[in-house]
$ cat structure-v4.pdb   # PDB, C-alpha atoms
ATOM      1  CA  LEU A   1       0.000   0.000   0.000  1.00  0.00           C
ATOM      2  CA  GLY A   2       1.018   3.599  -0.128  1.00  0.00           C
ATOM      3  CA  ILE A   3       1.126   3.725  -3.909  1.00  0.00           C
ATOM      4  CA  GLY A   4      -1.542   5.684  -5.715  1.00  0.00           C
ATOM      5  CA  TYR A   5      -2.611   5.371  -9.302  1.00  0.00           C
ATOM      6  CA  TRP A   6      -4.131   8.029 -11.467  1.00  0.00           C
ATOM      7  CA  VAL A   7      -6.463   6.800 -14.132  1.00  0.00           C
ATOM      8  CA  LEU A   8      -7.573   8.194 -17.449  1.00  0.00           C
ATOM      9  CA  GLY A   9     -10.467  10.609 -17.186  1.00  0.00           C
ATOM     10  CA  ASN A  10     -10.584  12.913 -14.185  1.00  0.00           C
ATOM     11  CA  GLY A  11      -7.741  11.414 -12.086  1.00  0.00           C
ATOM     12  CA  TYR A  12      -8.348   9.788  -8.722  1.00  0.00           C
ATOM     13  CA  TRP A  13      -5.997   8.688  -5.979  1.00  0.00           C
ATOM     14  CA  VAL A  14      -6.731   5.034  -5.271  1.00  0.00           C
ATOM     15  CA  LEU A  15      -6.246   5.283  -1.536  1.00  0.00           C
ATOM     16  CA  GLY A  16      -8.579   8.271  -1.335  1.00  0.00           C
ATOM     17  CA  ILE A  17      -5.916  10.819  -0.393  1.00  0.00           C
ATOM     18  CA  GLY A  18      -6.287  13.314  -3.240  1.00  0.00           C
ATOM     19  CA  TYR A  19      -8.225  13.998  -6.402  1.00  0.00           C
ATOM     20  CA  TRP A  20      -7.610  15.715  -9.690  1.00  0.00           C
ATOM     21  CA  VAL A  21     -10.421  17.223 -11.688  1.00  0.00           C
ATOM     22  CA  LEU A  22      -9.976  18.526 -15.225  1.00  0.00           C
ATOM     23  CA  GLY A  23      -6.295  19.363 -14.917  1.00  0.00           C
ATOM     24  CA  THR A  24      -6.419  21.267 -11.649  1.00  0.00           C
ATOM     25  CA  GLY A  25      -4.114  20.392  -8.779  1.00  0.00           C
ATOM     26  CA  TYR A  26      -4.737  19.801  -5.092  1.00  0.00           C
ATOM     27  CA  TRP A  27      -2.377  19.554  -2.130  1.00  0.00           C
ATOM     28  CA  VAL A  28      -1.531  15.993  -1.113  1.00  0.00           C
ATOM     29  CA  LEU A  29       0.716  15.355   1.869  1.00  0.00           C
ATOM     30  CA  GLY A  30       2.093  18.893   1.724  1.00  0.00           C
ATOM     31  CA  ILE A  31       3.173  18.749  -1.916  1.00  0.00           C
ATOM     32  CA  ARG A  32       1.255  20.198  -4.826  1.00  0.00           C
ATOM     33  CA  TYR A  33       0.969  17.806  -7.765  1.00  0.00           C
ATOM     34  CA  TRP A  34      -0.230  18.899 -11.161  1.00  0.00           C
ATOM     35  CA  VAL A  35      -1.987  17.200 -14.001  1.00  0.00           C
ATOM     36  CA  LEU A  36      -1.324  18.737 -17.388  1.00  0.00           C
ATOM     37  CA  GLY A  37      -3.822  18.266 -20.177  1.00  0.00           C
ATOM     38  CA  THR A  38      -4.954  14.675 -20.283  1.00  0.00           C
ATOM     39  CA  GLY A  39      -1.893  13.270 -18.469  1.00  0.00           C
ATOM     40  CA  TYR A  40      -2.298  11.643 -15.085  1.00  0.00           C
ATOM     41  CA  TRP A  41       0.515  10.843 -12.703  1.00  0.00           C
ATOM     42  CA  VAL A  42       1.457   7.764 -10.735  1.00  0.00           C
ATOM     43  CA  LEU A  43       2.779   8.786  -7.337  1.00  0.00           C
ATOM     44  CA  GLY A  44       4.822   6.324  -5.359  1.00  0.00           C
ATOM     45  CA  THR A  45       8.364   6.563  -4.149  1.00  0.00           C
ATOM     46  CA  GLY A  46       8.724  10.196  -5.162  1.00  0.00           C
ATOM     47  CA  GLU A  47       8.906   9.457  -8.870  1.00  0.00           C
ATOM     48  CA  LYS A  48       6.293  10.587 -11.346  1.00  0.00           C
ATOM     49  CA  GLN A  49       5.261   8.582 -14.365  1.00  0.00           C
ATOM     50  CA  MET A  50       2.514   9.127 -16.902  1.00  0.00           C
ATOM     51  CA  VAL A  51      -0.418   6.725 -16.713  1.00  0.00           C
ATOM     52  CA  LEU A  52      -2.534   6.805 -19.809  1.00  0.00           C
ATOM     53  CA  ARG A  53      -3.268   3.124 -20.241  1.00  0.00           C
ATOM     54  CA  VAL A  54      -5.344   0.708 -18.237  1.00  0.00           C
ATOM     55  CA  GLU A  55      -2.371  -1.662 -18.373  1.00  0.00           C
ATOM     56  CA  ASP A  56      -0.522   0.682 -16.007  1.00  0.00           C
ATOM     57  CA  LEU A  57      -3.072   0.234 -13.210  1.00  0.00           C
ATOM     58  CA  ASN A  58      -1.977  -2.160 -10.478  1.00  0.00           C
ATOM     59  CA  VAL A  59      -5.478  -3.573 -10.016  1.00  0.00           C
ATOM     60  CA  TYR A  60      -5.633  -4.366 -13.741  1.00  0.00           C
ATOM     61  CA  GLN A  61      -2.166  -5.965 -13.693  1.00  0.00           C
ATOM     62  CA  MET A  62      -3.190  -8.198 -10.796  1.00  0.00           C
ATOM     63  CA  ALA A  63      -6.378  -9.246 -12.594  1.00  0.00           C
ATOM     64  CA  GLU A  64      -4.367 -10.085 -15.716  1.00  0.00           C
ATOM     65  CA  ASP A  65      -1.871 -12.087 -13.643  1.00  0.00           C
ATOM     66  CA  LEU A  66      -4.705 -14.031 -12.028  1.00  0.00           C
ATOM     67  CA  SER A  67      -6.328 -14.871 -15.359  1.00  0.00           C
ATOM     68  CA  ASP A  68      -3.001 -15.945 -16.880  1.00  0.00           C
ATOM     69  CA  ARG A  69      -2.255 -18.220 -13.939  1.00  0.00           C
ATOM     70  CA  ILE A  70      -5.702 -19.763 -14.164  1.00  0.00           C
ATOM     71  CA  TRP A  71      -5.309 -20.283 -17.914  1.00  0.00           C
ATOM     72  CA  ASN A  72      -1.976 -22.051 -17.410  1.00  0.00           C
ATOM     73  CA  ILE A  73      -3.601 -24.416 -14.918  1.00  0.00           C
ATOM     74  CA  CYS A  74      -6.784 -25.151 -16.868  1.00  0.00           C
ATOM     75  CA  ILE A  75      -5.043 -25.744 -20.198  1.00  0.00           C
ATOM     76  CA  LYS A  76      -3.468 -28.905 -18.715  1.00  0.00           C
ATOM     77  CA  TRP A  77      -6.779 -30.471 -17.668  1.00  0.00           C
ATOM     78  CA  ASP A  78      -8.468 -33.313 -19.518  1.00  0.00           C
ATOM     79  CA  TYR A  79     -11.287 -32.560 -21.954  1.00  0.00           C
ATOM     80  CA  PHE A  80     -14.180 -33.070 -19.524  1.00  0.00           C
ATOM     81  CA  ALA A  81     -12.669 -30.867 -16.794  1.00  0.00           C
ATOM     82  CA  LYS A  82     -11.782 -28.159 -19.346  1.00  0.00           C
ATOM     83  CA  ASP A  83     -15.217 -28.262 -20.914  1.00  0.00           C
ATOM     84  CA  THR A  84     -17.150 -28.066 -17.655  1.00  0.00           C
ATOM     85  CA  ILE A  85     -15.231 -26.096 -15.033  1.00  0.00           C
ATOM     86  CA  GLY A  86     -12.220 -24.896 -17.046  1.00  0.00           C
ATOM     87  CA  LYS A  87     -14.076 -22.778 -19.588  1.00  0.00           C
ATOM     88  CA  GLN A  88     -16.241 -21.151 -16.928  1.00  0.00           C
ATOM     89  CA  LEU A  89     -13.273 -20.462 -14.665  1.00  0.00           C
ATOM     90  CA  VAL A  90     -11.167 -18.949 -17.451  1.00  0.00           C
ATOM     91  CA  ARG A  91     -14.080 -16.817 -18.713  1.00  0.00           C
ATOM     92  CA  ALA A  92     -14.818 -15.504 -15.232  1.00  0.00           C
ATOM     93  CA  ALA A  93     -11.159 -14.690 -14.546  1.00  0.00           C
ATOM     94  CA  ASP A  94     -10.669 -13.054 -17.959  1.00  0.00           C
ATOM     95  CA  SER A  95     -13.786 -10.986 -17.392  1.00  0.00           C
ATOM     96  CA  ILE A  96     -12.285  -9.224 -14.364  1.00  0.00           C
ATOM     97  CA  SER A  97      -9.595  -7.394 -16.318  1.00  0.00           C
ATOM     98  CA  ALA A  98     -11.812  -7.046 -19.400  1.00  0.00           C
ATOM     99  CA  ASN A  99     -14.426  -5.154 -17.395  1.00  0.00           C
ATOM    100  CA  LEU A 100     -11.782  -2.972 -15.783  1.00  0.00           C
ATOM    101  CA  ALA A 101     -10.470  -2.125 -19.243  1.00  0.00           C
ATOM    102  CA  GLU A 102     -13.902  -1.309 -20.609  1.00  0.00           C
ATOM    103  CA  GLY A 103     -14.745   0.843 -17.604  1.00  0.00           C
ATOM    104  CA  HIS A 104     -11.412   2.629 -17.900  1.00  0.00           C
ATOM    105  CA  GLY A 105     -12.375   3.693 -21.402  1.00  0.00           C
ATOM    106  CA  ARG A 106     -15.712   5.172 -20.327  1.00  0.00           C
ATOM    107  CA  PHE A 107     -16.178   8.888 -19.733  1.00  0.00           C
ATOM    108  CA  HIS A 108     -19.047   8.965 -17.230  1.00  0.00           C
ATOM    109  CA  PHE A 109     -18.590   8.014 -13.586  1.00  0.00           C
ATOM    110  CA  LYS A 110     -21.641   5.748 -13.535  1.00  0.00           C
ATOM    111  CA  ASP A 111     -20.317   3.784 -16.506  1.00  0.00           C
ATOM    112  CA  ARG A 112     -16.920   3.415 -14.857  1.00  0.00           C
ATOM    113  CA  LEU A 113     -18.516   2.240 -11.633  1.00  0.00           C
ATOM    114  CA  ASN A 114     -20.830  -0.214 -13.369  1.00  0.00           C
ATOM    115  CA  PHE A 115     -17.920  -1.918 -15.106  1.00  0.00           C
ATOM    116  CA  CYS A 116     -16.025  -2.051 -11.821  1.00  0.00           C
ATOM    117  CA  TYR A 117     -19.067  -3.728 -10.266  1.00  0.00           C
ATOM    118  CA  TYR A 118     -19.111  -6.217 -13.142  1.00  0.00           C
ATOM    119  CA  ALA A 119     -15.420  -6.870 -12.493  1.00  0.00           C
ATOM    120  CA  ARG A 120     -16.154  -7.436  -8.816  1.00  0.00           C
ATOM    121  CA  GLY A 121     -18.942  -9.859  -9.744  1.00  0.00           C
ATOM    122  CA  SER A 122     -16.574 -11.710 -12.069  1.00  0.00           C
ATOM    123  CA  LEU A 123     -14.049 -11.929  -9.237  1.00  0.00           C
ATOM    124  CA  GLU A 124     -16.671 -13.552  -7.006  1.00  0.00           C
ATOM    125  CA  GLU A 125     -17.604 -15.937  -9.821  1.00  0.00           C
ATOM    126  CA  THR A 126     -13.917 -16.804 -10.233  1.00  0.00           C
ATOM    127  CA  LYS A 127     -13.712 -17.612  -6.524  1.00  0.00           C
ATOM    128  CA  SER A 128     -16.730 -19.892  -6.841  1.00  0.00           C
ATOM    129  CA  TRP A 129     -15.254 -21.823  -9.781  1.00  0.00           C
ATOM    130  CA  LEU A 130     -11.885 -22.070  -8.013  1.00  0.00           C
ATOM    131  CA  SER A 131     -13.633 -23.517  -4.986  1.00  0.00           C
ATOM    132  CA  LYS A 132     -15.257 -26.166  -7.171  1.00  0.00           C
ATOM    133  CA  ALA A 133     -11.929 -26.975  -8.845  1.00  0.00           C
ATOM    134  CA  ILE A 134     -10.268 -27.418  -5.451  1.00  0.00           C
ATOM    135  CA  ARG A 135     -13.066 -29.637  -4.117  1.00  0.00           C
ATOM    136  CA  ARG A 136     -12.844 -31.766  -7.263  1.00  0.00           C
ATOM    137  CA  ASN A 137      -9.050 -32.118  -6.945  1.00  0.00           C
ATOM    138  CA  LEU A 138      -8.277 -30.270 -10.163  1.00  0.00           C
ATOM    139  CA  ILE A 139      -6.071 -27.671  -8.475  1.00  0.00           C
ATOM    140  CA  SER A 140      -3.575 -28.403  -5.741  1.00  0.00           C
ATOM    141  CA  LEU A 141      -0.037 -27.008  -5.777  1.00  0.00           C
ATOM    142  CA  GLU A 142      -0.793 -23.849  -7.738  1.00  0.00           C
ATOM    143  CA  ILE A 143      -3.489 -22.667  -5.358  1.00  0.00           C
ATOM    144  CA  ASP A 144      -1.152 -20.866  -2.917  1.00  0.00           C
ATOM    145  CA  GLU A 145      -0.094 -18.342  -5.547  1.00  0.00           C
ATOM    146  CA  ILE A 146      -3.691 -17.828  -6.643  1.00  0.00           C
ATOM    147  CA  LYS A 147      -4.960 -17.497  -3.060  1.00  0.00           C
ATOM    148  CA  GLN A 148      -2.561 -14.605  -2.461  1.00  0.00           C
ATOM    149  CA  ILE A 149      -3.938 -12.742  -5.464  1.00  0.00           C
ATOM    150  CA  ILE A 150      -7.538 -13.604  -4.533  1.00  0.00           C
ATOM    151  CA  GLU A 151      -7.000 -12.119  -1.055  1.00  0.00           C
ATOM    152  CA  ILE A 152      -5.476  -8.831  -2.276  1.00  0.00           C
ATOM    153  CA  LEU A 153      -7.427  -8.197  -5.481  1.00  0.00           C
ATOM    154  CA  PRO A 154     -10.843  -7.515  -3.859  1.00  0.00           C
ATOM    155  CA  LYS A 155      -9.263  -4.904  -1.585  1.00  0.00           C
ATOM    156  CA  LYS A 156      -7.559  -3.198  -4.502  1.00  0.00           C
ATOM    157  CA  LEU A 157     -10.736  -3.319  -6.564  1.00  0.00           C
ATOM    158  CA  ASN A 158     -12.814  -1.861  -3.722  1.00  0.00           C
ATOM    159  CA  ALA A 159     -10.246   0.911  -3.227  1.00  0.00           C
ATOM    160  CA  TYR A 160     -10.406   1.664  -6.949  1.00  0.00           C
ATOM    161  CA  ILE A 161     -14.223   1.789  -6.796  1.00  0.00           C
ATOM    162  CA  SER A 162     -14.068   4.084  -3.750  1.00  0.00           C
ATOM    163  CA  SER A 163     -11.685   6.406  -5.533  1.00  0.00           C
ATOM    164  CA  ILE A 164     -14.064   6.731  -8.469  1.00  0.00           C
ATOM    165  CA  ARG A 165     -16.962   7.483  -6.115  1.00  0.00           C
ATOM    166  CA  LYS A 166     -14.927  10.096  -4.242  1.00  0.00           C
ATOM    167  CA  ALA A 167     -13.765  11.724  -7.457  1.00  0.00           C
ATOM    168  CA  HIS A 168     -17.380  11.911  -8.606  1.00  0.00           C
ATOM    169  CA  LYS A 169     -18.336  13.775  -5.415  1.00  0.00           C
ATOM    170  CA  GLU A 170     -15.510  16.241  -6.004  1.00  0.00           C
ATOM    171  CA  TYR A 171     -16.489  16.739  -9.633  1.00  0.00           C
TER     172      TYR A 171
END
$ encode --input "structure-v4.pdb" --output "structure tokens"
Amino acid sequence: LGIGYWVLGNGYWVLGIGYWVLGTGYWVLGIRYWVLGTGYWVLGTGEKQMVLRVEDLNVYQMAEDLSDRIWNICIKWDYFAKDTIGKQLVRAADSISANLAEGHGRFHFKDRLNFCYYARGSLEETKSWLSKAIRRNLISLEIDEIKQIIEILPKKLNAYISSIRKAHKEY
């Protein structure tokens, strides 16, 4: 924690510390940060980087990592397991980052929030399919890595949703 991400649109600080609206700056932790034009900054260890792509968002990167890990597990299953649980699990996991990407490209706050809610629903669906795969002995060794992501991703997603809500109130 302690790293904030600005997203395309009217920037928001993920942890709810500061907001940017239409290129104006606000004081955050005693330092004034500026957004110029359509550029939004990532603030972390004192360095500034431009964030213009959804791929630069940590929550999106985690969702992509989760879906890739799930794909690599499911691709090894036999036909029946792939056809029943595998396809559903991969689709649910892929849908998390896909919805984040689609919401990131939307202009209106309500649209952004709705796609974040869809992503959160897909995350819950992914958890349900993972639970079935574990109970049916399809996943064993790989689950520790996935469990770590599954524990952190909802918190990051909820923080991202909160930041959009807070930015909307400021706007």
$ closest_residue --input "structure-v4.pdb" --among "A:Ala92, A:Asn72, A:Ile161, A:Ala133" --to "Phe115 in chain A" --atoms "all atoms listed in the file"
A:Ile161
$ closest_residue --input "structure-v4.pdb" --among "A:Ser163, A:Gln148, A:Asn99, A:Gln88" --to "Val54 in chain A" --atoms "only C-alpha atoms"
A:Asn99
$ residues_around --input "structure-v4.pdb" --residues "Asn58 in chain A" --least-positions-apart "2" --cutoff "10 Å" --atoms "only C-alpha atoms" --output "PDB file with C-alpha atoms, keeping the file's coordinate frame"
ATOM      1  CA  ILE A   3       1.126   3.725  -3.909  1.00  0.00           C
ATOM      2  CA  GLY A   4      -1.542   5.684  -5.715  1.00  0.00           C
ATOM      3  CA  TYR A   5      -2.611   5.371  -9.302  1.00  0.00           C
ATOM      4  CA  VAL A  54      -5.344   0.708 -18.237  1.00  0.00           C
ATOM      5  CA  GLU A  55      -2.371  -1.662 -18.373  1.00  0.00           C
ATOM      6  CA  ASP A  56      -0.522   0.682 -16.007  1.00  0.00           C
ATOM      7  CA  TYR A  60      -5.633  -4.366 -13.741  1.00  0.00           C
ATOM      8  CA  GLN A  61      -2.166  -5.965 -13.693  1.00  0.00           C
ATOM      9  CA  MET A  62      -3.190  -8.198 -10.796  1.00  0.00           C
ATOM     10  CA  ALA A  63      -6.378  -9.246 -12.594  1.00  0.00           C
ATOM     11  CA  GLU A  64      -4.367 -10.085 -15.716  1.00  0.00           C
ATOM     12  CA  LEU A 153      -7.427  -8.197  -5.481  1.00  0.00           C
ATOM     13  CA  LYS A 156      -7.559  -3.198  -4.502  1.00  0.00           C
ATOM     14  CA  LEU A 157     -10.736  -3.319  -6.564  1.00  0.00           C
ATOM     15  CA  TYR A 160     -10.406   1.664  -6.949  1.00  0.00           C
TER      16      TYR A 160
END
$ atom_distance --input "structure-v4.pdb" --atom1 "CA of Asn158 in chain A" --atom2 "CA of Leu130 in chain A"
20.7 Å
$ residues_around --input "structure-v4.pdb" --residues "Glu125 in chain A" --least-positions-apart "5" --cutoff "12 Å" --atoms "only C-alpha atoms" --output "list in words"
Ile85, Gln88, Leu89, Val90, Arg91, Ala92, Ala93, Asp94, Ser95, Ile96, Tyr118, Ala119, Arg120, Leu130, Ser131, Lys132 and Ile150 of chain A
$ atom_distance --input "structure-v4.pdb" --atom1 "CA of Ser97 in chain A" --atom2 "CA of Tyr79 in chain A"
25.8 Å
$ atom_distance --input "structure-v4.pdb" --atom1 "CA of Ala159 in chain A" --atom2 "CA of Ile70 in chain A"
23.8 Å
$ closest_residue --input "structure-v4.pdb" --among "A:Glu102, A:Glu151, A:Asp83, A:Glu145" --to "Asp68 in chain A" --atoms "only C-alpha atoms"
A:Glu145
$ closest_residue --input "structure-v4.pdb" --among "A:Leu123, A:Leu113, A:Ile146, A:Ile75" --to "Lys166 in chain A" --atoms "all atoms listed in the file"
A:Leu113
$ closest_residue --input "structure-v4.pdb" --among "A:Thr126, A:Arg53, A:Ile139, A:Leu100" --to "Asn114 in chain A" --atoms "all atoms listed in the file"
A:Leu100
$ closest_residue --input "structure-v4.pdb" --among "A:Gly103, A:Lys87, A:Ala167, A:Ser162" --to "Ser67 in chain A" --atoms "only C-alpha atoms"
A:Lys87
$ decode --input "structure-v4.pdb" --residues "range 48-155 of chain A" --atoms "C-alpha atoms" --output "CSV table (one decimal), in the first residue's frame"
chain,number,residue,atom,x,y,z
A,48,LYS,CA,6.3,10.6,-11.3
A,49,GLN,CA,5.3,8.6,-14.4
A,50,MET,CA,2.5,9.1,-16.9
A,51,VAL,CA,-0.4,6.7,-16.7
A,52,LEU,CA,-2.5,6.8,-19.8
A,53,ARG,CA,-3.3,3.1,-20.2
A,54,VAL,CA,-5.3,0.7,-18.2
A,55,GLU,CA,-2.4,-1.7,-18.4
A,56,ASP,CA,-0.5,0.7,-16.0
A,57,LEU,CA,-3.1,0.2,-13.2
A,58,ASN,CA,-2.0,-2.2,-10.5
A,59,VAL,CA,-5.5,-3.6,-10.0
A,60,TYR,CA,-5.6,-4.4,-13.7
A,61,GLN,CA,-2.2,-6.0,-13.7
A,62,MET,CA,-3.2,-8.2,-10.8
A,63,ALA,CA,-6.4,-9.2,-12.6
A,64,GLU,CA,-4.4,-10.1,-15.7
A,65,ASP,CA,-1.9,-12.1,-13.6
A,66,LEU,CA,-4.7,-14.0,-12.0
A,67,SER,CA,-6.3,-14.9,-15.4
A,68,ASP,CA,-3.0,-15.9,-16.9
A,69,ARG,CA,-2.3,-18.2,-13.9
A,70,ILE,CA,-5.7,-19.8,-14.2
A,71,TRP,CA,-5.3,-20.3,-17.9
A,72,ASN,CA,-2.0,-22.1,-17.4
A,73,ILE,CA,-3.6,-24.4,-14.9
A,74,CYS,CA,-6.8,-25.2,-16.9
A,75,ILE,CA,-5.0,-25.7,-20.2
A,76,LYS,CA,-3.5,-28.9,-18.7
A,77,TRP,CA,-6.8,-30.5,-17.7
A,78,ASP,CA,-8.5,-33.3,-19.5
A,79,TYR,CA,-11.3,-32.6,-22.0
A,80,PHE,CA,-14.2,-33.1,-19.5
A,81,ALA,CA,-12.7,-30.9,-16.8
A,82,LYS,CA,-11.8,-28.2,-19.3
A,83,ASP,CA,-15.2,-28.3,-20.9
A,84,THR,CA,-17.1,-28.1,-17.7
A,85,ILE,CA,-15.2,-26.1,-15.0
A,86,GLY,CA,-12.2,-24.9,-17.0
A,87,LYS,CA,-14.1,-22.8,-19.6
A,88,GLN,CA,-16.2,-21.2,-16.9
A,89,LEU,CA,-13.3,-20.5,-14.7
A,90,VAL,CA,-11.2,-18.9,-17.5
A,91,ARG,CA,-14.1,-16.8,-18.7
A,92,ALA,CA,-14.8,-15.5,-15.2
A,93,ALA,CA,-11.2,-14.7,-14.5
A,94,ASP,CA,-10.7,-13.1,-18.0
A,95,SER,CA,-13.8,-11.0,-17.4
A,96,ILE,CA,-12.3,-9.2,-14.4
A,97,SER,CA,-9.6,-7.4,-16.3
A,98,ALA,CA,-11.8,-7.0,-19.4
A,99,ASN,CA,-14.4,-5.2,-17.4
A,100,LEU,CA,-11.8,-3.0,-15.8
A,101,ALA,CA,-10.5,-2.1,-19.2
A,102,GLU,CA,-13.9,-1.3,-20.6
A,103,GLY,CA,-14.7,0.8,-17.6
A,104,HIS,CA,-11.4,2.6,-17.9
A,105,GLY,CA,-12.4,3.7,-21.4
A,106,ARG,CA,-15.7,5.2,-20.3
A,107,PHE,CA,-16.2,8.9,-19.7
A,108,HIS,CA,-19.0,9.0,-17.2
A,109,PHE,CA,-18.6,8.0,-13.6
A,110,LYS,CA,-21.6,5.7,-13.5
A,111,ASP,CA,-20.3,3.8,-16.5
A,112,ARG,CA,-16.9,3.4,-14.9
A,113,LEU,CA,-18.5,2.2,-11.6
A,114,ASN,CA,-20.8,-0.2,-13.4
A,115,PHE,CA,-17.9,-1.9,-15.1
A,116,CYS,CA,-16.0,-2.1,-11.8
A,117,TYR,CA,-19.1,-3.7,-10.3
A,118,TYR,CA,-19.1,-6.2,-13.1
A,119,ALA,CA,-15.4,-6.9,-12.5
A,120,ARG,CA,-16.2,-7.4,-8.8
A,121,GLY,CA,-18.9,-9.9,-9.7
A,122,SER,CA,-16.6,-11.7,-12.1
A,123,LEU,CA,-14.0,-11.9,-9.2
A,124,GLU,CA,-16.7,-13.6,-7.0
A,125,GLU,CA,-17.6,-15.9,-9.8
A,126,THR,CA,-13.9,-16.8,-10.2
A,127,LYS,CA,-13.7,-17.6,-6.5
A,128,SER,CA,-16.7,-19.9,-6.8
A,129,TRP,CA,-15.3,-21.8,-9.8
A,130,LEU,CA,-11.9,-22.1,-8.0
A,131,SER,CA,-13.6,-23.5,-5.0
A,132,LYS,CA,-15.3,-26.2,-7.2
A,133,ALA,CA,-11.9,-27.0,-8.8
A,134,ILE,CA,-10.3,-27.4,-5.5
A,135,ARG,CA,-13.1,-29.6,-4.1
A,136,ARG,CA,-12.8,-31.8,-7.3
A,137,ASN,CA,-9.1,-32.1,-6.9
A,138,LEU,CA,-8.3,-30.3,-10.2
A,139,ILE,CA,-6.1,-27.7,-8.5
A,140,SER,CA,-3.6,-28.4,-5.7
A,141,LEU,CA,0.0,-27.0,-5.8
A,142,GLU,CA,-0.8,-23.8,-7.7
A,143,ILE,CA,-3.5,-22.7,-5.4
A,144,ASP,CA,-1.2,-20.9,-2.9
A,145,GLU,CA,-0.1,-18.3,-5.5
A,146,ILE,CA,-3.7,-17.8,-6.6
A,147,LYS,CA,-5.0,-17.5,-3.1
A,148,GLN,CA,-2.6,-14.6,-2.5
A,149,ILE,CA,-3.9,-12.7,-5.5
A,150,ILE,CA,-7.5,-13.6,-4.5
A,151,GLU,CA,-7.0,-12.1,-1.1
A,152,ILE,CA,-5.5,-8.8,-2.3
A,153,LEU,CA,-7.4,-8.2,-5.5
A,154,PRO,CA,-10.8,-7.5,-3.9
A,155,LYS,CA,-9.3,-4.9,-1.6
